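Undergrad: Enclosed is the structure file protein-v4.txt (compact mmCIF, C-alpha atoms).
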```txt
# COMPACT_ATOMS: atom_id res chain seq x y z
CA MET A 1 34.99 -21.07 38.37
CA THR A 2 31.80 -20.09 36.89
CA ASP A 3 30.35 -21.13 33.71
CA PRO A 4 30.79 -18.68 30.96
CA ASP A 5 27.82 -16.62 30.16
CA PRO A 6 25.65 -18.18 27.58
CA PRO A 7 25.94 -16.50 24.28
CA SER A 8 23.54 -13.72 24.02
CA LEU A 9 20.63 -14.23 21.76
CA PRO A 10 20.65 -12.30 18.58
CA PRO A 11 18.58 -9.21 18.86
CA ALA A 12 15.03 -9.58 17.79
CA PRO A 13 14.49 -8.34 14.35
CA PHE A 14 12.89 -5.00 14.15
CA ALA A 15 9.20 -5.13 13.69
CA PRO A 16 8.27 -3.86 10.29
CA ALA A 17 6.67 -0.51 10.40
CA PRO A 18 2.99 -0.54 9.63
CA PRO A 19 2.27 0.56 6.10
CA PRO A 20 1.39 4.21 5.85
CA ALA A 21 -2.25 4.96 5.44
CA VAL A 22 -3.70 6.26 2.23
CA GLU A 23 -5.49 9.52 2.69
CA ALA A 24 -9.26 9.07 2.88
CA TRP A 25 -10.01 11.61 0.18
CA GLN A 26 -7.39 10.07 -2.07
CA GLN A 27 -9.28 6.77 -1.90
CA ARG A 28 -12.56 8.50 -2.61
CA LEU A 29 -11.14 10.28 -5.64
CA GLU A 30 -9.80 6.97 -6.91
CA VAL A 31 -13.30 5.51 -6.76
CA VAL A 32 -14.59 8.52 -8.71
CA ALA A 33 -11.83 7.99 -11.27
CA ILE A 34 -12.85 4.35 -11.67
CA LEU A 35 -16.46 5.39 -12.24
CA LEU A 36 -15.33 8.03 -14.72
CA LEU A 37 -13.29 5.56 -16.75
CA THR A 38 -16.16 3.06 -16.68
CA THR A 39 -18.48 5.71 -18.06
CA VAL A 40 -15.97 6.60 -20.76
CA ALA A 41 -15.56 2.98 -21.79
CA LEU A 42 -19.32 2.49 -22.00
CA THR A 43 -19.68 5.71 -23.97
CA ILE A 44 -17.07 4.63 -26.50
CA VAL A 45 -18.82 1.29 -26.97
CA ALA A 46 -22.17 3.05 -27.31
CA ARG A 47 -20.85 5.46 -29.92
CA LEU A 48 -19.25 2.69 -31.93
CA ALA A 49 -22.44 0.66 -31.80
CA GLY A 50 -24.52 3.69 -32.72
CA ALA A 51 -22.31 4.55 -35.66
CA TYR A 52 -22.43 0.96 -36.86
CA ASP A 53 -26.20 0.95 -36.54
CA GLN A 54 -26.42 4.20 -38.46
CA ALA A 55 -24.25 2.84 -41.24
CA ARG A 56 -26.29 -0.36 -41.35
CA VAL A 57 -29.52 1.58 -41.73
CA ALA A 58 -27.96 3.75 -44.43
CA HIS A 59 -26.93 0.67 -46.39
CA THR A 60 -30.24 -1.13 -46.03
CA PHE A 61 -31.32 -0.46 -49.58
CA SER A 62 -27.93 -0.74 -51.20
CA SER A 63 -25.86 -3.75 -51.98
CA ASP A 64 -22.64 -2.21 -50.66
CA SER A 65 -21.10 -3.57 -47.54
CA ILE A 66 -20.88 -1.44 -44.43
CA ASP A 67 -17.91 0.90 -44.49
CA LEU A 68 -16.12 0.23 -41.21
CA VAL A 69 -13.77 3.14 -41.83
CA ALA A 70 -16.75 5.47 -41.84
CA VAL A 71 -18.05 3.83 -38.67
CA VAL A 72 -14.82 4.41 -36.75
CA ARG A 73 -14.53 7.92 -38.17
CA LEU A 74 -18.02 8.89 -37.07
CA ALA A 75 -17.55 7.41 -33.60
CA GLY A 76 -14.20 9.15 -33.24
CA GLN A 77 -15.74 12.48 -34.22
CA GLN A 78 -18.43 12.08 -31.58
CA VAL A 79 -16.40 10.82 -28.66
CA GLY A 80 -12.75 11.72 -29.27
CA PRO A 81 -12.22 15.06 -27.48
CA ILE A 82 -14.55 14.30 -24.59
CA ALA A 83 -13.03 10.88 -23.95
CA ALA A 84 -9.51 12.33 -24.07
CA GLY A 85 -10.52 14.92 -21.49
CA ALA A 86 -12.05 12.27 -19.27
CA VAL A 87 -8.95 10.06 -19.36
CA LEU A 88 -6.79 13.07 -18.56
CA LEU A 89 -9.06 13.99 -15.65
CA ALA A 90 -8.98 10.47 -14.22
CA PHE A 91 -5.18 10.46 -14.39
CA LEU A 92 -4.98 13.83 -12.66
CA LEU A 93 -7.42 12.76 -9.94
CA VAL A 94 -5.12 9.91 -8.95
CA THR A 95 -1.74 11.55 -9.35
CA LEU A 96 -2.57 15.02 -8.03
CA GLY A 97 -4.94 13.91 -5.31
CA PRO A 98 -4.63 15.06 -1.71
CA GLY A 99 -2.50 12.09 -0.63
CA ASP A 100 1.06 11.09 -1.46
CA LEU A 101 0.24 7.38 -1.50
CA VAL A 102 -1.79 5.41 -4.00
CA SER A 103 -3.92 2.43 -3.12
CA GLU A 104 -4.49 -0.61 -5.29
CA ARG A 105 -7.52 1.09 -6.77
CA GLY A 106 -5.25 3.89 -7.91
CA VAL A 107 -3.00 1.39 -9.65
CA LEU A 108 -6.08 -0.04 -11.34
CA VAL A 109 -7.02 3.46 -12.50
CA LEU A 110 -3.56 3.99 -13.94
CA ARG A 111 -3.71 0.69 -15.82
CA ALA A 112 -7.17 1.46 -17.15
CA ALA A 113 -6.04 4.96 -18.14
CA THR A 114 -3.18 3.41 -20.08
CA VAL A 115 -5.44 1.06 -22.02
CA LEU A 116 -8.29 3.52 -22.52
CA GLY A 117 -5.90 6.30 -23.47
CA LEU A 118 -4.44 4.14 -26.20
CA VAL A 119 -7.89 3.19 -27.45
CA VAL A 120 -9.08 6.79 -27.48
CA ALA A 121 -5.88 7.93 -29.16
CA GLY A 122 -6.27 5.30 -31.84
CA VAL A 123 -9.90 6.08 -32.58
CA ALA A 124 -9.41 9.85 -32.52
CA ALA A 125 -6.26 9.72 -34.63
CA PHE A 126 -7.97 7.47 -37.14
CA ALA A 127 -10.94 9.82 -37.38
CA GLY A 128 -8.72 12.88 -37.59
CA LEU A 129 -6.49 11.45 -40.28
CA ALA A 130 -9.49 10.23 -42.24
CA LEU A 131 -10.98 13.71 -42.13
CA VAL A 132 -7.73 15.39 -43.09
CA LEU A 133 -6.97 13.06 -45.95
CA ASP A 134 -10.46 12.54 -47.30
CA ALA A 135 -11.72 15.73 -48.91
CA ALA A 136 -14.97 14.20 -50.10
CA THR A 137 -15.99 13.26 -46.58
CA VAL A 138 -15.26 16.70 -45.25
CA SER A 139 -17.25 18.36 -47.99
CA LYS A 140 -20.13 16.02 -47.26
CA TYR A 141 -20.08 16.72 -43.52
CA LEU A 142 -19.36 20.42 -43.60
CA GLU A 143 -21.08 21.29 -46.88
CA SER A 144 -18.19 23.39 -48.01
CA ALA A 145 -14.71 22.91 -49.40
CA SER A 146 -15.97 23.54 -52.86
CA SER A 147 -12.85 25.40 -53.85
CA THR A 148 -9.41 23.93 -53.79
CA GLU A 149 -7.95 26.78 -51.76
CA ARG A 150 -10.32 26.26 -48.90
CA GLY A 151 -10.04 22.51 -49.05
CA LEU A 152 -6.89 22.09 -47.00
CA LEU A 153 -7.95 24.65 -44.42
CA VAL A 154 -11.35 23.06 -43.98
CA ARG A 155 -9.87 19.60 -43.73
CA LEU A 156 -7.37 20.73 -41.13
CA SER A 157 -10.02 22.54 -39.12
CA ALA A 158 -12.19 19.44 -39.15
CA GLY A 159 -9.48 16.93 -38.30
CA GLY A 160 -7.15 19.11 -36.24
CA PRO A 161 -9.06 18.95 -32.95
CA LEU A 162 -9.30 15.21 -33.26
CA LEU A 163 -5.57 14.91 -33.84
CA VAL A 164 -4.88 17.08 -30.81
CA ALA A 165 -7.26 14.94 -28.75
CA ALA A 166 -5.41 11.86 -29.95
CA ALA A 167 -2.11 13.40 -28.90
CA ILE A 168 -3.51 14.21 -25.45
CA ALA A 169 -4.91 10.73 -24.96
CA GLY A 170 -1.72 9.07 -26.14
CA TYR A 171 0.45 11.21 -23.91
CA VAL A 172 -1.79 10.53 -20.91
CA ALA A 173 -1.49 6.82 -21.63
CA TRP A 174 2.27 7.15 -21.71
CA CYS A 175 2.28 9.19 -18.49
CA ALA A 176 0.07 6.63 -16.73
CA PHE A 177 2.30 3.80 -17.90
CA SER A 178 5.45 5.54 -16.74
CA THR A 179 3.82 6.41 -13.42
CA LEU A 180 3.05 2.73 -12.92
CA GLY A 181 6.73 1.96 -13.36
CA GLU A 182 7.85 4.72 -11.04
CA LEU A 183 5.56 3.76 -8.18
CA PRO A 184 7.71 2.09 -5.49
CA PRO A 185 6.01 -0.72 -3.56
CA SER A 186 6.04 1.43 -0.44
CA HIS A 187 3.78 3.93 -2.19
CA VAL A 188 1.12 1.32 -2.86
CA THR A 189 -0.90 0.12 0.07
CA ALA A 190 -3.47 -2.60 0.10
CA GLY A 191 -5.97 -1.06 2.42
CA PRO A 192 -6.56 0.35 5.85
CA VAL A 193 -3.80 0.25 8.40
CA PRO A 194 -4.28 -2.42 11.12
CA ASP A 195 -4.85 -1.20 14.59
CA GLU A 196 -1.56 -1.22 16.47
CA HIS A 197 -3.16 -2.06 19.82
CA GLY A 198 -5.76 -4.63 19.03
CA SER A 199 -4.51 -6.56 16.03
CA ASP A 200 -2.58 -9.82 15.81
CA PHE A 201 0.20 -7.99 14.08
CA GLY A 202 1.00 -6.07 17.23
CA ALA A 203 1.15 -9.20 19.38
CA ALA A 204 3.46 -10.95 16.96
CA ALA A 205 5.71 -7.94 16.82
CA GLU A 206 6.25 -8.02 20.57
CA GLY A 207 7.54 -11.59 20.36
CA ASP A 208 6.84 -14.48 22.71
CA GLY A 209 10.30 -15.93 22.85
CA ASP A 210 10.69 -17.87 19.65
CA MET B 211 5.48 33.19 3.05
CA VAL B 212 5.04 29.56 2.08
CA ALA B 213 2.02 29.22 4.31
CA SER B 214 0.38 32.28 2.87
CA THR B 215 1.01 30.95 -0.63
CA ALA B 216 -0.64 27.66 0.32
CA VAL B 217 -3.62 29.49 1.78
CA LYS B 218 -3.89 31.56 -1.36
CA ARG B 219 -3.73 28.48 -3.55
CA VAL B 220 -6.44 26.70 -1.57
CA GLY B 221 -8.62 29.77 -1.89
CA GLN B 222 -8.03 29.94 -5.62
CA CYS B 223 -8.90 26.27 -5.99
CA GLN B 224 -12.12 26.80 -4.09
CA VAL B 225 -13.13 29.75 -6.24
CA LEU B 226 -12.31 27.76 -9.37
CA ALA B 227 -14.33 24.82 -8.06
CA LEU B 228 -17.26 27.14 -7.44
CA LEU B 229 -17.09 28.53 -10.98
CA VAL B 230 -16.79 25.13 -12.63
CA ALA B 231 -19.62 23.73 -10.53
CA LEU B 232 -21.78 26.70 -11.50
CA ALA B 233 -21.02 26.05 -15.16
CA ALA B 234 -21.87 22.37 -14.74
CA LEU B 235 -25.15 23.39 -13.13
CA ALA B 236 -25.92 26.02 -15.77
CA ILE B 237 -25.84 23.59 -18.68
CA PRO B 238 -28.73 21.37 -17.53
CA ALA B 239 -30.62 24.34 -16.11
CA SER B 240 -30.52 26.26 -19.37
CA GLY B 241 -31.33 23.12 -21.32
CA ALA B 242 -34.33 22.43 -19.14
CA PHE B 243 -35.53 26.00 -19.52
CA LEU B 244 -35.16 25.90 -23.29
CA SER B 245 -36.91 22.55 -23.55
CA VAL B 246 -39.84 23.80 -21.50
CA GLU B 247 -39.87 27.11 -23.35
CA GLY B 248 -39.78 25.55 -26.78
CA SER B 249 -42.57 23.08 -26.26
CA SER B 250 -45.27 22.26 -23.82
CA PRO B 251 -44.07 21.55 -20.30
CA VAL B 252 -43.18 17.94 -19.95
CA SER B 253 -42.41 15.86 -16.95
CA TYR B 254 -38.90 15.20 -18.20
CA GLY B 255 -37.87 18.82 -18.30
CA PHE B 256 -34.27 17.93 -17.67
CA LEU B 257 -34.09 15.85 -20.78
CA GLY B 258 -33.41 18.91 -22.84
CA ALA B 259 -30.30 19.46 -20.79
CA VAL B 260 -28.28 16.36 -21.29
CA SER B 261 -28.58 14.95 -24.74
CA LEU B 262 -27.29 11.51 -25.54
CA TYR B 263 -24.01 12.92 -26.75
CA ASP B 264 -23.41 15.47 -24.02
CA PHE B 265 -20.74 14.46 -21.54
CA VAL B 266 -19.26 17.85 -20.81
CA PRO B 267 -21.19 18.56 -17.57
CA VAL B 268 -19.91 15.30 -16.08
CA LEU B 269 -16.32 16.30 -16.76
CA MET B 270 -16.96 19.69 -15.20
CA LEU B 271 -18.55 18.10 -12.16
CA VAL B 272 -15.68 15.70 -11.52
CA GLY B 273 -13.13 18.42 -12.20
CA ALA B 274 -14.79 20.72 -9.70
CA LEU B 275 -14.74 17.95 -7.09
CA GLY B 276 -11.05 17.39 -7.71
CA LEU B 277 -10.34 21.09 -7.36
CA LEU B 278 -12.32 21.30 -4.15
CA VAL B 279 -10.76 18.24 -2.56
CA SER B 280 -7.19 18.82 -3.71
CA GLY B 281 -6.76 21.36 -0.96
CA VAL B 282 -8.25 19.14 1.72
CA ARG B 283 -5.14 19.37 3.90
CA GLY B 284 -5.53 23.08 4.08
CA ARG B 285 -9.24 22.79 4.39
CA ASP B 286 -9.48 25.20 7.25
CA THR B 287 -7.13 27.68 5.66
CA GLY B 288 -9.18 28.52 2.61
CA ARG B 289 -11.98 30.96 2.37
CA ARG B 290 -14.68 29.43 4.47
CA GLY B 291 -17.65 30.97 2.70
CA VAL B 292 -16.40 30.18 -0.78
CA GLY B 293 -15.55 26.59 0.08
CA ALA B 294 -18.92 25.93 1.65
CA THR B 295 -20.70 27.58 -1.28
CA ALA B 296 -18.68 25.58 -3.77
CA GLY B 297 -19.52 22.37 -1.94
CA ALA B 298 -23.20 23.23 -1.85
CA VAL B 299 -23.29 24.14 -5.55
CA LEU B 300 -21.39 20.97 -6.35
CA ALA B 301 -23.92 18.89 -4.43
CA LEU B 302 -26.79 20.65 -6.18
CA ALA B 303 -25.22 20.16 -9.61
CA GLY B 304 -24.58 16.51 -8.82
CA ALA B 305 -28.21 16.02 -7.85
CA VAL B 306 -29.52 17.81 -10.95
CA LEU B 307 -27.23 15.93 -13.30
CA ALA B 308 -27.93 12.59 -11.64
CA ILE B 309 -31.66 13.18 -12.10
CA ALA B 310 -31.09 14.26 -15.69
CA TYR B 311 -28.98 11.25 -16.63
CA PHE B 312 -31.16 8.75 -14.81
CA GLY B 313 -34.21 10.38 -16.40
CA SER B 314 -32.65 10.13 -19.83
CA ALA B 315 -31.76 6.49 -19.23
CA TYR B 316 -35.29 5.78 -18.07
CA GLN B 317 -36.81 7.51 -21.07
CA LEU B 318 -34.51 5.64 -23.41
CA ARG B 319 -35.33 2.39 -21.67
CA ALA B 320 -39.03 3.07 -22.14
CA GLY B 321 -38.64 3.92 -25.79
CA GLY B 322 -37.40 7.38 -26.56
CA GLN B 323 -35.61 7.60 -29.85
CA PHE B 324 -35.87 3.82 -30.07
CA ALA B 325 -39.65 3.82 -29.92
CA PHE B 326 -40.12 3.14 -33.63
CA ASP B 327 -37.75 2.32 -36.42
CA ILE B 328 -37.89 3.79 -39.92
CA ASP B 329 -40.61 1.33 -40.86
CA GLY B 330 -42.78 2.29 -37.90
CA ALA B 331 -42.26 -0.94 -36.04
CA PRO B 332 -41.26 -0.92 -32.37
CA VAL B 333 -37.56 -1.37 -31.83
CA ASP B 334 -36.36 -4.30 -29.79
CA TRP B 335 -33.53 -4.18 -27.27
CA THR B 336 -30.61 -3.82 -29.64
CA PHE B 337 -26.99 -3.66 -28.57
CA THR B 338 -26.90 0.03 -29.39
CA ARG B 339 -29.86 0.72 -27.15
CA ILE B 340 -28.40 -1.31 -24.29
CA ALA B 341 -25.04 0.46 -24.59
CA LEU B 342 -26.66 3.91 -24.66
CA VAL B 343 -28.84 3.19 -21.64
CA GLY B 344 -25.82 1.74 -19.83
CA SER B 345 -23.66 4.76 -20.53
CA LEU B 346 -26.37 7.14 -19.34
CA ALA B 347 -26.93 5.09 -16.19
CA ALA B 348 -23.19 5.00 -15.51
CA ALA B 349 -23.05 8.77 -15.86
CA GLY B 350 -25.96 9.02 -13.43
CA VAL B 351 -24.15 6.84 -10.91
CA LEU B 352 -21.05 8.99 -11.30
CA CYS B 353 -23.01 12.20 -10.68
CA ALA B 354 -24.75 10.65 -7.67
CA SER B 355 -21.39 9.65 -6.21
CA VAL B 356 -20.13 13.19 -6.70
CA LEU B 357 -23.23 14.40 -4.87
CA MET B 358 -22.51 12.07 -1.95
CA LEU B 359 -18.85 13.08 -1.83
CA ALA B 360 -19.75 16.76 -1.84
CA VAL B 361 -22.10 16.19 1.07
CA THR B 362 -19.38 14.20 2.86
CA TRP B 363 -16.93 17.03 2.27
CA LEU B 364 -19.37 19.56 3.63
CA THR B 365 -20.20 17.56 6.75
CA GLY B 366 -16.55 16.74 7.37
CA ARG B 367 -15.70 20.41 7.04
CA ARG B 368 -18.36 21.28 9.56
CA THR B 369 -17.41 18.63 12.10
CA GLY B 370 -13.67 18.75 11.46
CA VAL B 371 -13.49 15.01 10.82
CA ASP B 372 -11.61 13.95 7.73
CA ARG B 373 -13.08 10.47 7.32
```
In structure tokens, write the structure found in this file.
TA:
Amino acid sequence: MTDPDPPSLPPAPFAPAPPPAVEAWQQRLEVVAILLLTTVALTIVARLAGAYDQARVAHTFSSDSIDLVAVVRLAGQQVGPIAAGAVLLAFLLVTLGPGDLVSERGVLVLRAATVLGLVVAGVAAFAGLALVLDAATVSKYLESASSTERGLLVRLSAGGPLLVAAAIAGYVAWCAFSTLGELPPSHVTAGPVPDEHGSDFGAAAEGDGD
Amino acid sequence: MVASTAVKRVGQCQVLALLVALAALAIPASGAFLSVEGSSPVSYGFLGAVSLYDFVPVLMLVGALGLLVSGVRGRDTGRRGVGATAGAVLALAGAVLAIAYFGSAYQLRAGGQFAFDIDGAPVDWTFTRIALVGSLAAAGVLCASVLMLAVTWLTGRRTGVDR
């Protein structure tokens, strides 16, 4: 009579596969995208401050208060299309980069593109609508629109590009937001892959008995 | 068939990157020429290239880098001469634009359009001036990083190392 065999131990759980590595050039392009969005944000602030300063100087000798609508309209005219293009480029750098995976920096870029895209869309749309609806402003800026027939065409030609830029920026913001929701956790990695021979992770995966 | 299409696409991207980088380089070059031509030669010749409200060359530069790098997996399948030329032009344009933006930021820091106000008094460090100098410096940092990445791409292409 022999003792029955001890119950076999449950099989060791499978060691989790190391997270896939993010392509080196994908990480570099994400850094460039961060720098690009930083430059865009600083440029928007600079244009807004410059337009406010310009309006303040213009109203130095008058008792009227500063027209904030004119400030936003002027800043939007100056920065709208370029900022929309920059946000679109940053989004494309991350999503169409050489790698399939996105690092945490890429997620940061997508979040910043969402926020900045909304800001740019708002400023550009405000400027475009103000130009389309305000005939006096257009005639002052473009020195035309003296006749009624040309008024609508001139207003549309002045505000149309800004409205298109607003549409681009808003759609990029929506695309970045939806991309954030579609990214599975396995497609976001924190950093470099640990070395499978020399790291603690490898030793723990082999198991020491407990 | 698929491989040949991929090779063709990488080659097209490299040619496009070369053209966009050339355009990004042409803007500051022509601006510098016109500024020197229109007035006496100044030490900040590049300042005529990138005005305070000119951000287009930066977009072209980053777009050209994205085009060049997007085919990095098929790096050895593209047209070797075109890719190397595009990388070199990109590095040159990055250097020129970095100098231009840093020069503009330095000139603005030292005075520039903020030297005197409408009353003739020197202008202090206003928020507008700080924001403008910051945006120009950030654009300079961006162009310098594009320069470094172009050099990295060129050296990695030569040695065959991707990192």
Undergrad: Would you mind reading off the distance between atom CA of B:Ser240 and atom CA of B:Thr295, one decimal, in Å?
TA: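 Calculated distance between atom CA of B:Ser240 and atom CA of B:Thr295 is 20.6 Å.
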Undergrad: Against chain A, which residues of chain B fall within 6 Å? For each one I want the closest pair of atoms and the distance in Å (one decimal), counting all atoms listed in the file, rows by chain and increasing residue number, as a tab-separated table.
TA:
```
residue	atom	partner	partner_atom	distance
B:Ser280	CA	A:Pro98	CA	5.0
B:Thr338	CA	A:Ala49	CA	5.1
B:Ala341	CA	A:Ala46	CA	4.7
B:Leu342	CA	A:Ala46	CA	5.3
B:Ser345	CA	A:Leu42	CA	5.1
B:Ala348	CA	A:Thr39	CA	5.4
B:Ala349	CA	A:Thr39	CA	5.9
B:Leu352	CA	A:Leu35	CA	5.9
```
Undergrad: Need to verify the contact set: A:Gly160, 12 Å, all atoms listed in the file, exclusion of same-chain residues closer than 4 positions in sequence. Can you return it as a VMD selection string?
TA: chain A and resid 77 80 to 81 124 to 133 152 to 156 164 to 167
Undergrad: Which is closest to A:Val71 among A:Val123, A:Leu116, A:Leu162, A:Ala173, if we use only C-alpha atoms?
TA: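 Under the stated criterion, the closest residue is A:Val123.
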Undergrad: If I take atom CA of A:Val87 and atom CA of A:Gly106, how far is one from the other in Å, to one decimal?
TA: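 Taking atom CA of A:Val87 and atom CA of A:Gly106, their separation equals 13.5 Å.
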Undergrad: What is the atom CA of B:Ala233-atom CA of A:Thr95 distance in Å, reported with one decimal?
TA: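 Between these atoms lies a distance of 24.8 Å.
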Undergrad: Determine, counting all atoms listed in the file, which protein, DNA and RNA residues have an atom within 12 Å of an atom of B:Ala360; residues of the same chain fewer than 6 positions away are not included. Present the result as a VMD selection string.
TA: (chain A and resid 25 28 to 29 32) or (chain B and resid 227 231 271 to 272 274 to 279 293 to 305 353 to 354 366 to 367)
